[in-house]
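Q: What follows is query24.csv, made up of CSV, N, CA and C atoms:
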chain,number,residue,atom,x,y,z
A,1,MET,N,-65.3,-34.5,-219.1
A,1,MET,CA,-66.0,-33.3,-218.8
A,1,MET,C,-65.4,-32.7,-217.6
A,2,LYS,N,-65.3,-31.4,-217.7
A,2,LYS,CA,-64.7,-30.7,-216.6
A,2,LYS,C,-65.7,-29.8,-215.9
A,3,HIS,N,-65.6,-29.6,-214.7
A,3,HIS,CA,-66.4,-28.7,-213.9
A,3,HIS,C,-65.6,-27.4,-213.8
A,4,MET,N,-66.1,-26.3,-214.3
A,4,MET,CA,-65.4,-25.0,-214.3
A,4,MET,C,-66.1,-24.0,-213.4
A,5,ASP,N,-65.4,-23.2,-212.7
A,5,ASP,CA,-65.9,-22.2,-211.9
A,5,ASP,C,-66.2,-21.0,-212.9
A,6,ALA,N,-67.5,-20.7,-213.0
A,6,ALA,CA,-67.9,-19.6,-213.9
A,6,ALA,C,-67.4,-18.3,-213.6
A,7,ALA,N,-67.0,-18.0,-212.4
A,7,ALA,CA,-66.5,-16.7,-212.0
A,7,ALA,C,-65.1,-16.5,-212.4
A,8,THR,N,-64.3,-17.6,-212.6
A,8,THR,CA,-62.9,-17.4,-212.9
A,8,THR,C,-62.6,-17.8,-214.3
A,9,GLN,N,-63.3,-18.7,-214.9
A,9,GLN,CA,-63.0,-19.2,-216.3
A,9,GLN,C,-64.3,-19.2,-217.1
A,10,THR,N,-64.1,-19.2,-218.4
A,10,THR,CA,-65.2,-19.4,-219.3
A,10,THR,C,-64.9,-20.7,-220.1
A,11,PRO,N,-65.9,-21.5,-220.3
A,11,PRO,CA,-65.7,-22.8,-221.1
A,11,PRO,C,-65.4,-22.5,-222.5
A,12,ARG,N,-64.6,-23.4,-223.1
A,12,ARG,CA,-64.4,-23.3,-224.5
A,12,ARG,C,-65.6,-24.1,-225.2
A,13,ASP,N,-65.7,-23.9,-226.5
A,13,ASP,CA,-66.8,-24.5,-227.2
A,13,ASP,C,-66.8,-26.0,-227.1
A,14,ASP,N,-65.6,-26.6,-227.1
A,14,ASP,CA,-65.5,-28.0,-227.1
A,14,ASP,C,-65.6,-28.7,-225.7
A,15,GLU,N,-65.7,-27.9,-224.6
A,15,GLU,CA,-65.9,-28.4,-223.3
A,15,GLU,C,-67.3,-28.2,-222.8
A,16,LEU,N,-67.8,-29.1,-222.0
A,16,LEU,CA,-69.2,-29.0,-221.5
A,16,LEU,C,-69.1,-28.6,-220.0
A,17,LEU,N,-70.0,-27.7,-219.6
A,17,LEU,CA,-70.0,-27.3,-218.2
A,17,LEU,C,-71.2,-28.0,-217.6
A,18,THR,N,-70.9,-28.8,-216.6
A,18,THR,CA,-71.9,-29.5,-215.9
A,18,THR,C,-72.0,-29.2,-214.4
A,19,GLU,N,-73.2,-29.5,-213.8
A,19,GLU,CA,-73.3,-29.3,-212.4
A,19,GLU,C,-73.2,-30.6,-211.7
A,20,LYS,N,-72.8,-30.6,-210.5
A,20,LYS,CA,-72.7,-31.8,-209.7
A,20,LYS,C,-74.1,-32.3,-209.4
A,21,PRO,N,-74.4,-33.6,-209.4
A,21,PRO,CA,-75.8,-34.0,-209.1
A,21,PRO,C,-76.1,-33.7,-207.6
A,22,ARG,N,-77.3,-33.4,-207.4
A,22,ARG,CA,-77.7,-33.1,-206.0
A,22,ARG,C,-78.0,-34.4,-205.3
A,23,LYS,N,-77.8,-34.3,-204.0
A,23,LYS,CA,-78.0,-35.5,-203.2
A,23,LYS,C,-79.2,-35.4,-202.3
A,24,GLY,N,-79.8,-36.5,-201.9
A,24,GLY,CA,-80.9,-36.5,-200.9
A,24,GLY,C,-82.2,-35.9,-201.5
A,25,ALA,N,-82.9,-35.2,-200.6
A,25,ALA,CA,-84.2,-34.7,-200.9
A,25,ALA,C,-84.2,-33.7,-201.9
A,26,THR,N,-83.2,-32.8,-201.9
A,26,THR,CA,-83.1,-31.8,-203.0
A,26,THR,C,-82.9,-32.4,-204.3
A,27,GLY,N,-82.2,-33.5,-204.4
A,27,GLY,CA,-82.0,-34.2,-205.7
A,27,GLY,C,-83.3,-34.7,-206.3
A,28,ARG,N,-84.2,-35.1,-205.4
A,28,ARG,CA,-85.5,-35.6,-205.9
A,28,ARG,C,-86.5,-34.5,-206.1
A,29,GLY,N,-86.1,-33.3,-205.9
A,29,GLY,CA,-87.0,-32.2,-206.1
A,29,GLY,C,-87.7,-31.7,-204.9
A,30,LEU,N,-87.4,-32.4,-203.8
A,30,LEU,CA,-88.1,-32.0,-202.5
A,30,LEU,C,-87.1,-31.1,-201.7
A,31,LYS,N,-87.7,-30.1,-201.2
A,31,LYS,CA,-86.9,-29.1,-200.4
A,31,LYS,C,-87.3,-29.1,-199.0
A,32,ARG,N,-86.4,-29.1,-198.1
A,32,ARG,CA,-86.7,-29.1,-196.7
A,32,ARG,C,-87.0,-27.6,-196.3
A,33,VAL,N,-88.2,-27.5,-195.7
A,33,VAL,CA,-88.6,-26.2,-195.3
A,33,VAL,C,-88.7,-26.2,-193.8
A,34,ARG,N,-88.0,-25.2,-193.2
A,34,ARG,CA,-88.1,-25.1,-191.7
A,34,ARG,C,-89.4,-24.4,-191.4
A,35,GLU,N,-90.0,-24.9,-190.4
A,35,GLU,CA,-91.2,-24.2,-189.8
A,35,GLU,C,-90.7,-23.0,-189.1
A,36,PRO,N,-91.3,-21.9,-189.4
A,36,PRO,CA,-90.9,-20.6,-188.7
A,36,PRO,C,-91.3,-20.8,-187.2
A,37,ASN,N,-90.4,-20.2,-186.4
A,37,ASN,CA,-90.7,-20.2,-185.0
A,37,ASN,C,-91.9,-19.3,-184.6
A,38,LYS,N,-92.7,-19.8,-183.7
A,38,LYS,CA,-93.8,-18.9,-183.3
A,38,LYS,C,-93.2,-17.7,-182.5
A,39,PRO,N,-93.8,-16.6,-182.7
A,39,PRO,CA,-93.2,-15.5,-181.9
A,39,PRO,C,-93.4,-15.7,-180.4
A,40,SER,N,-92.4,-15.3,-179.7
A,40,SER,CA,-92.4,-15.5,-178.2
A,40,SER,C,-93.4,-14.6,-177.6
A,41,LYS,N,-93.9,-15.1,-176.5
A,41,LYS,CA,-94.9,-14.3,-175.7
A,41,LYS,C,-94.1,-13.7,-174.5
A,42,PHE,N,-94.5,-12.6,-174.0
A,42,PHE,CA,-93.9,-11.9,-172.9
A,42,PHE,C,-94.9,-11.6,-171.8
A,43,ALA,N,-94.6,-11.8,-170.6
A,43,ALA,CA,-95.5,-11.4,-169.5
A,43,ALA,C,-95.1,-10.0,-168.9
A,44,VAL,N,-96.1,-9.2,-168.7
A,44,VAL,CA,-95.9,-7.9,-168.1
A,44,VAL,C,-96.1,-8.2,-166.6
A,45,VAL,N,-95.1,-8.0,-165.8
A,45,VAL,CA,-95.1,-8.4,-164.3
A,45,VAL,C,-95.1,-7.1,-163.5
A,46,LEU,N,-96.0,-7.0,-162.6
A,46,LEU,CA,-96.0,-5.9,-161.6
A,46,LEU,C,-95.4,-6.4,-160.3
A,47,HIS,N,-94.6,-5.6,-159.7
A,47,HIS,CA,-93.9,-6.0,-158.4
A,47,HIS,C,-94.4,-5.2,-157.3
A,48,ASN,N,-94.5,-5.8,-156.1
A,48,ASN,CA,-95.0,-5.2,-154.9
A,48,ASN,C,-94.0,-4.2,-154.3
A,49,ASP,N,-94.5,-3.1,-153.8
A,49,ASP,CA,-93.7,-2.2,-153.0
A,49,ASP,C,-94.6,-1.7,-151.8
A,50,ASP,N,-94.0,-1.0,-150.9
A,50,ASP,CA,-94.7,-0.5,-149.7
A,50,ASP,C,-95.4,0.8,-149.9
A,51,TYR,N,-95.2,1.4,-151.1
A,51,TYR,CA,-95.7,2.8,-151.2
A,51,TYR,C,-96.9,3.0,-152.2
A,52,THR,N,-97.0,2.1,-153.2
A,52,THR,CA,-98.0,2.2,-154.2
A,52,THR,C,-99.3,1.7,-153.7
A,53,PRO,N,-100.4,2.5,-153.7
A,53,PRO,CA,-101.7,2.1,-153.1
A,53,PRO,C,-102.3,1.0,-154.0
A,54,MET,N,-103.0,0.1,-153.3
A,54,MET,CA,-103.7,-1.0,-154.0
A,54,MET,C,-104.7,-0.4,-155.1
A,55,GLU,N,-105.4,0.7,-154.7
A,55,GLU,CA,-106.3,1.3,-155.6
A,55,GLU,C,-105.7,1.8,-157.0
A,56,PHE,N,-104.4,2.2,-156.8
A,56,PHE,CA,-103.7,2.7,-158.1
A,56,PHE,C,-103.4,1.5,-158.9
A,57,VAL,N,-103.0,0.4,-158.3
A,57,VAL,CA,-102.7,-0.8,-159.1
A,57,VAL,C,-103.9,-1.3,-159.8
A,58,VAL,N,-105.1,-1.3,-159.1
A,58,VAL,CA,-106.3,-1.7,-159.8
A,58,VAL,C,-106.7,-0.7,-160.9
A,59,PHE,N,-106.5,0.6,-160.7
A,59,PHE,CA,-106.7,1.6,-161.7
A,59,PHE,C,-105.8,1.3,-163.0
A,60,VAL,N,-104.6,1.0,-162.8
A,60,VAL,CA,-103.7,0.7,-163.9
A,60,VAL,C,-104.1,-0.5,-164.6
A,61,LEU,N,-104.5,-1.6,-163.9
A,61,LEU,CA,-104.9,-2.8,-164.5
A,61,LEU,C,-106.2,-2.6,-165.3
A,62,GLN,N,-107.1,-1.7,-164.9
A,62,GLN,CA,-108.3,-1.5,-165.6
A,62,GLN,C,-108.0,-0.6,-166.8
A,63,GLU,N,-107.3,0.5,-166.7
A,63,GLU,CA,-107.1,1.5,-167.7
A,63,GLU,C,-106.1,1.1,-168.8
A,64,ILE,N,-105.0,0.5,-168.4
A,64,ILE,CA,-103.9,0.2,-169.4
A,64,ILE,C,-104.1,-1.2,-169.9
A,65,PHE,N,-104.4,-2.2,-169.0
A,65,PHE,CA,-104.5,-3.6,-169.4
A,65,PHE,C,-106.0,-4.0,-169.7
A,66,HIS,N,-106.9,-3.1,-169.5
A,66,HIS,CA,-108.3,-3.4,-169.8
A,66,HIS,C,-108.9,-4.6,-169.2
A,67,HIS,N,-108.5,-4.8,-167.9
A,67,HIS,CA,-109.1,-5.9,-167.1
A,67,HIS,C,-110.4,-5.4,-166.5
A,68,PRO,N,-111.4,-6.3,-166.3
A,68,PRO,CA,-112.6,-5.9,-165.5
A,68,PRO,C,-112.2,-5.8,-164.1
A,69,PHE,N,-113.0,-5.1,-163.3
A,69,PHE,CA,-112.7,-4.8,-161.9
A,69,PHE,C,-112.3,-6.1,-161.1
A,70,ASP,N,-113.1,-7.1,-161.2
A,70,ASP,CA,-112.9,-8.4,-160.5
A,70,ASP,C,-111.5,-9.0,-160.7
A,71,ARG,N,-111.2,-9.0,-162.0
A,71,ARG,CA,-109.9,-9.6,-162.4
A,71,ARG,C,-108.7,-8.7,-162.0
A,72,ALA,N,-108.9,-7.4,-162.1
A,72,ALA,CA,-107.9,-6.4,-161.7
A,72,ALA,C,-107.7,-6.5,-160.2
A,73,GLU,N,-108.7,-6.7,-159.4
A,73,GLU,CA,-108.6,-6.9,-158.0
A,73,GLU,C,-107.8,-8.1,-157.6
A,74,ARG,N,-108.1,-9.2,-158.3
A,74,ARG,CA,-107.4,-10.5,-158.1
A,74,ARG,C,-105.9,-10.4,-158.4
A,75,ILE,N,-105.6,-9.7,-159.5
A,75,ILE,CA,-104.2,-9.5,-159.9
A,75,ILE,C,-103.5,-8.6,-158.8
A,76,MET,N,-104.2,-7.6,-158.4
A,76,MET,CA,-103.6,-6.7,-157.4
A,76,MET,C,-103.4,-7.4,-156.1
A,77,LEU,N,-104.3,-8.3,-155.7
A,77,LEU,CA,-104.1,-9.1,-154.5
A,77,LEU,C,-102.9,-10.1,-154.6
A,78,SER,N,-102.7,-10.6,-155.8
A,78,SER,CA,-101.6,-11.5,-156.1
A,78,SER,C,-100.3,-10.7,-156.0
A,79,VAL,N,-100.3,-9.4,-156.5
A,79,VAL,CA,-99.1,-8.6,-156.3
A,79,VAL,C,-98.8,-8.3,-154.8
A,80,HIS,N,-99.9,-8.0,-154.1
A,80,HIS,CA,-99.8,-7.7,-152.7
A,80,HIS,C,-99.3,-8.9,-151.8
A,81,ASN,N,-99.9,-10.0,-152.1
A,81,ASN,CA,-99.7,-11.2,-151.2
A,81,ASN,C,-98.4,-12.0,-151.7
A,82,ASP,N,-98.2,-12.1,-153.0
A,82,ASP,CA,-97.1,-13.0,-153.5
A,82,ASP,C,-95.9,-12.2,-153.9
A,83,GLY,N,-96.0,-10.8,-153.9
A,83,GLY,CA,-94.9,-10.0,-154.3
A,83,GLY,C,-94.8,-9.7,-155.8
A,84,VAL,N,-95.5,-10.5,-156.6
A,84,VAL,CA,-95.5,-10.2,-158.1
A,84,VAL,C,-96.9,-10.6,-158.6
A,85,GLY,N,-97.3,-10.1,-159.7
A,85,GLY,CA,-98.5,-10.5,-160.4
A,85,GLY,C,-98.4,-10.2,-161.9
A,86,VAL,N,-98.9,-11.1,-162.7
A,86,VAL,CA,-98.9,-11.0,-164.1
A,86,VAL,C,-100.1,-10.1,-164.6
A,87,ALA,N,-99.8,-9.0,-165.2
A,87,ALA,CA,-100.8,-8.1,-165.6
A,87,ALA,C,-101.4,-8.5,-167.0
A,88,GLY,N,-100.5,-9.2,-167.8
A,88,GLY,CA,-101.0,-9.7,-169.1
A,88,GLY,C,-99.8,-10.4,-169.8
A,89,ILE,N,-100.2,-11.1,-170.9
A,89,ILE,CA,-99.2,-11.8,-171.7
A,89,ILE,C,-99.4,-11.3,-173.1
A,90,TYR,N,-98.4,-10.8,-173.8
A,90,TYR,CA,-98.5,-10.2,-175.1
A,90,TYR,C,-97.2,-10.5,-175.9
A,91,HIS,N,-97.3,-10.1,-177.2
A,91,HIS,CA,-96.1,-10.1,-178.0
A,91,HIS,C,-95.2,-9.0,-177.5
A,92,PHE,N,-93.9,-9.1,-177.9
A,92,PHE,CA,-92.9,-8.2,-177.2
A,92,PHE,C,-93.3,-6.8,-177.4
A,93,GLU,N,-93.6,-6.3,-178.5
A,93,GLU,CA,-93.8,-4.9,-178.7
A,93,GLU,C,-95.0,-4.4,-177.9
A,94,ILE,N,-96.0,-5.1,-177.8
A,94,ILE,CA,-97.2,-4.7,-177.1
A,94,ILE,C,-96.9,-4.8,-175.6
A,95,ALA,N,-96.2,-5.8,-175.1
A,95,ALA,CA,-95.8,-5.9,-173.7
A,95,ALA,C,-94.9,-4.7,-173.3
A,96,GLU,N,-94.0,-4.4,-174.2
A,96,GLU,CA,-93.1,-3.2,-174.0
A,96,GLU,C,-93.9,-1.9,-173.9
A,97,GLN,N,-94.9,-1.7,-174.7
A,97,GLN,CA,-95.7,-0.5,-174.7
A,97,GLN,C,-96.5,-0.4,-173.4
A,98,LYS,N,-97.1,-1.5,-173.1
A,98,LYS,CA,-97.9,-1.5,-171.8
A,98,LYS,C,-97.1,-1.3,-170.6
A,99,ALA,N,-95.9,-1.9,-170.5
A,99,ALA,CA,-95.0,-1.7,-169.4
A,99,ALA,C,-94.6,-0.2,-169.4
A,100,TYR,N,-94.3,0.4,-170.5
A,100,TYR,CA,-93.9,1.8,-170.6
A,100,TYR,C,-95.0,2.7,-170.1
A,101,ASP,N,-96.2,2.4,-170.6
A,101,ASP,CA,-97.4,3.2,-170.2
A,101,ASP,C,-97.7,3.1,-168.7
A,102,THR,N,-97.5,1.9,-168.1
A,102,THR,CA,-97.7,1.7,-166.7
A,102,THR,C,-96.6,2.5,-165.9
A,103,ALA,N,-95.4,2.4,-166.3
A,103,ALA,CA,-94.3,3.1,-165.6
A,103,ALA,C,-94.5,4.6,-165.7
A,104,GLU,N,-95.0,5.1,-166.9
A,104,GLU,CA,-95.3,6.5,-167.0
A,104,GLU,C,-96.4,7.0,-166.1
A,105,GLU,N,-97.4,6.2,-166.0
A,105,GLU,CA,-98.6,6.5,-165.2
A,105,GLU,C,-98.1,6.5,-163.7
A,106,ALA,N,-97.3,5.6,-163.3
A,106,ALA,CA,-96.8,5.5,-161.9
A,106,ALA,C,-95.9,6.7,-161.6
A,107,GLN,N,-95.1,7.1,-162.6
A,107,GLN,CA,-94.2,8.2,-162.4
A,107,GLN,C,-95.0,9.5,-162.3
A,108,GLN,N,-96.0,9.7,-163.1
A,108,GLN,CA,-96.8,10.9,-163.1
A,108,GLN,C,-97.5,11.0,-161.8
A,109,ASN,N,-97.9,9.9,-161.1
A,109,ASN,CA,-98.6,9.9,-159.9
A,109,ASN,C,-97.6,9.8,-158.7
A,110,GLN,N,-96.3,9.8,-159.0
A,110,GLN,CA,-95.2,9.7,-158.0
A,110,GLN,C,-95.3,8.5,-157.1
A,111,TYR,N,-95.5,7.3,-157.8
A,111,TYR,CA,-95.4,6.0,-157.2
A,111,TYR,C,-94.3,5.2,-157.7
A,112,PRO,N,-93.6,4.4,-156.9
A,112,PRO,CA,-92.4,3.7,-157.4
A,112,PRO,C,-92.8,2.3,-157.9
A,113,LEU,N,-93.9,2.1,-158.5
A,113,LEU,CA,-94.4,0.8,-159.0
A,113,LEU,C,-93.3,0.3,-160.0
A,114,LYS,N,-92.9,-0.9,-159.8
A,114,LYS,CA,-91.9,-1.6,-160.7
A,114,LYS,C,-92.6,-2.5,-161.6
A,115,VAL,N,-92.3,-2.4,-162.9
A,115,VAL,CA,-92.9,-3.2,-163.9
A,115,VAL,C,-91.8,-3.8,-164.8
A,116,THR,N,-91.9,-5.1,-165.0
A,116,THR,CA,-90.9,-5.8,-165.8
A,116,THR,C,-91.5,-6.6,-166.9
A,117,ILE,N,-90.7,-7.0,-167.9
A,117,ILE,CA,-91.2,-7.9,-168.9
A,117,ILE,C,-90.4,-9.1,-168.9
A,118,GLU,N,-91.1,-10.3,-168.9
A,118,GLU,CA,-90.3,-11.6,-168.8
A,118,GLU,C,-90.8,-12.5,-169.9
A,119,GLU,N,-89.9,-13.1,-170.6
A,119,GLU,CA,-90.2,-14.0,-171.7
A,119,GLU,C,-90.7,-15.3,-171.2
A,120,ILE,N,-91.8,-15.8,-171.8
A,120,ILE,CA,-92.4,-17.0,-171.4
A,120,ILE,C,-91.8,-18.1,-172.3
A,121,ARG,N,-91.2,-19.1,-171.7
A,121,ARG,CA,-90.6,-20.2,-172.4
A,121,ARG,C,-91.7,-21.2,-172.7
A,122,GLN,N,-91.7,-21.7,-173.9
A,122,GLN,CA,-92.7,-22.7,-174.3
A,122,GLN,C,-92.1,-24.0,-174.7
Here is a file; write its structure as structure tokens.
A:
Amino acid sequence: MKHMDAATQTPRDDELLTEKPRKGATGRGLKRVREPNKPSKFAVVLHNDDYTPMEFVVFVLQEIFHHPFDRAERIMLSVHNDGVGVAGIYHFEIAEQKAYDTAEEAQQNQYPLKVTIEEIRQ
């Protein structure tokens, strides 16, 4: 029996075309299936500066990130005291949109609020 490449030759009637036997799990009819990776999460991070008022940061956290006043105030204090604060954790597209909306709002109000997106390693 000969193994022939179907793309380059055609078998004659008196020759048999066979496949090589499969090895391992695929030979037994079992197929390895990889688990899909879970989508990464991204943190929207607000950075402290000397010009953006605390009230504006609370406003952004309430309006764009939909935090209640108490949580918005805690995040704002974290930004003020620690230099950075996590406004929220989202999938990439949502984090990107919220960061863009925050930067737009800051720019419209002439504040230099810096917003970044950081991937969370799991």
Q: Could you tell me which of A:Asp49, A:Glu73, A:Glu63, A:Asp101 comes closest to A:Leu113 if we count only N, CA and C atoms?
A: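 Counting only N, CA and C atoms, the residue closest to A:Leu113 is A:Asp49.
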Q: I need the residue nearest A:Gly83 from this list: A:Asn48, A:Gln122, A:Gln62, A:Ser40. Use all atoms listed in the file for the distance.
A: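 The shortest atom-to-atom distance to A:Gly83 comes from A:Asn48.
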Q: So the first atom is atom CA of A:Ala72 and the second is atom N of A:Ala43; what is the distance between them in Å, to one decimal place?
A: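 Pair atom CA of A:Ala72 / atom N of A:Ala43 returns 16.9 Å.
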Q: Take atom CA of A:Arg121 and atom CA of A:Val45 and report the distance between them in Å, one decimal.
A: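 Between these atoms lies a distance of 15.0 Å.
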Q: Restricting the calculation to only C-alpha atoms: of A:Val86, A:Phe59, A:His91, A:Arg71, which residue gets closest to A:Lys38?
A: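 Residue with the minimum atom-to-atom distance to A:Lys38: A:His91.
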Q: So, counting only C-alpha atoms, which residue among A:Glu118, A:Gly85, A:His80, A:Gln108 is closest to A:Asp50?
A: A:His80
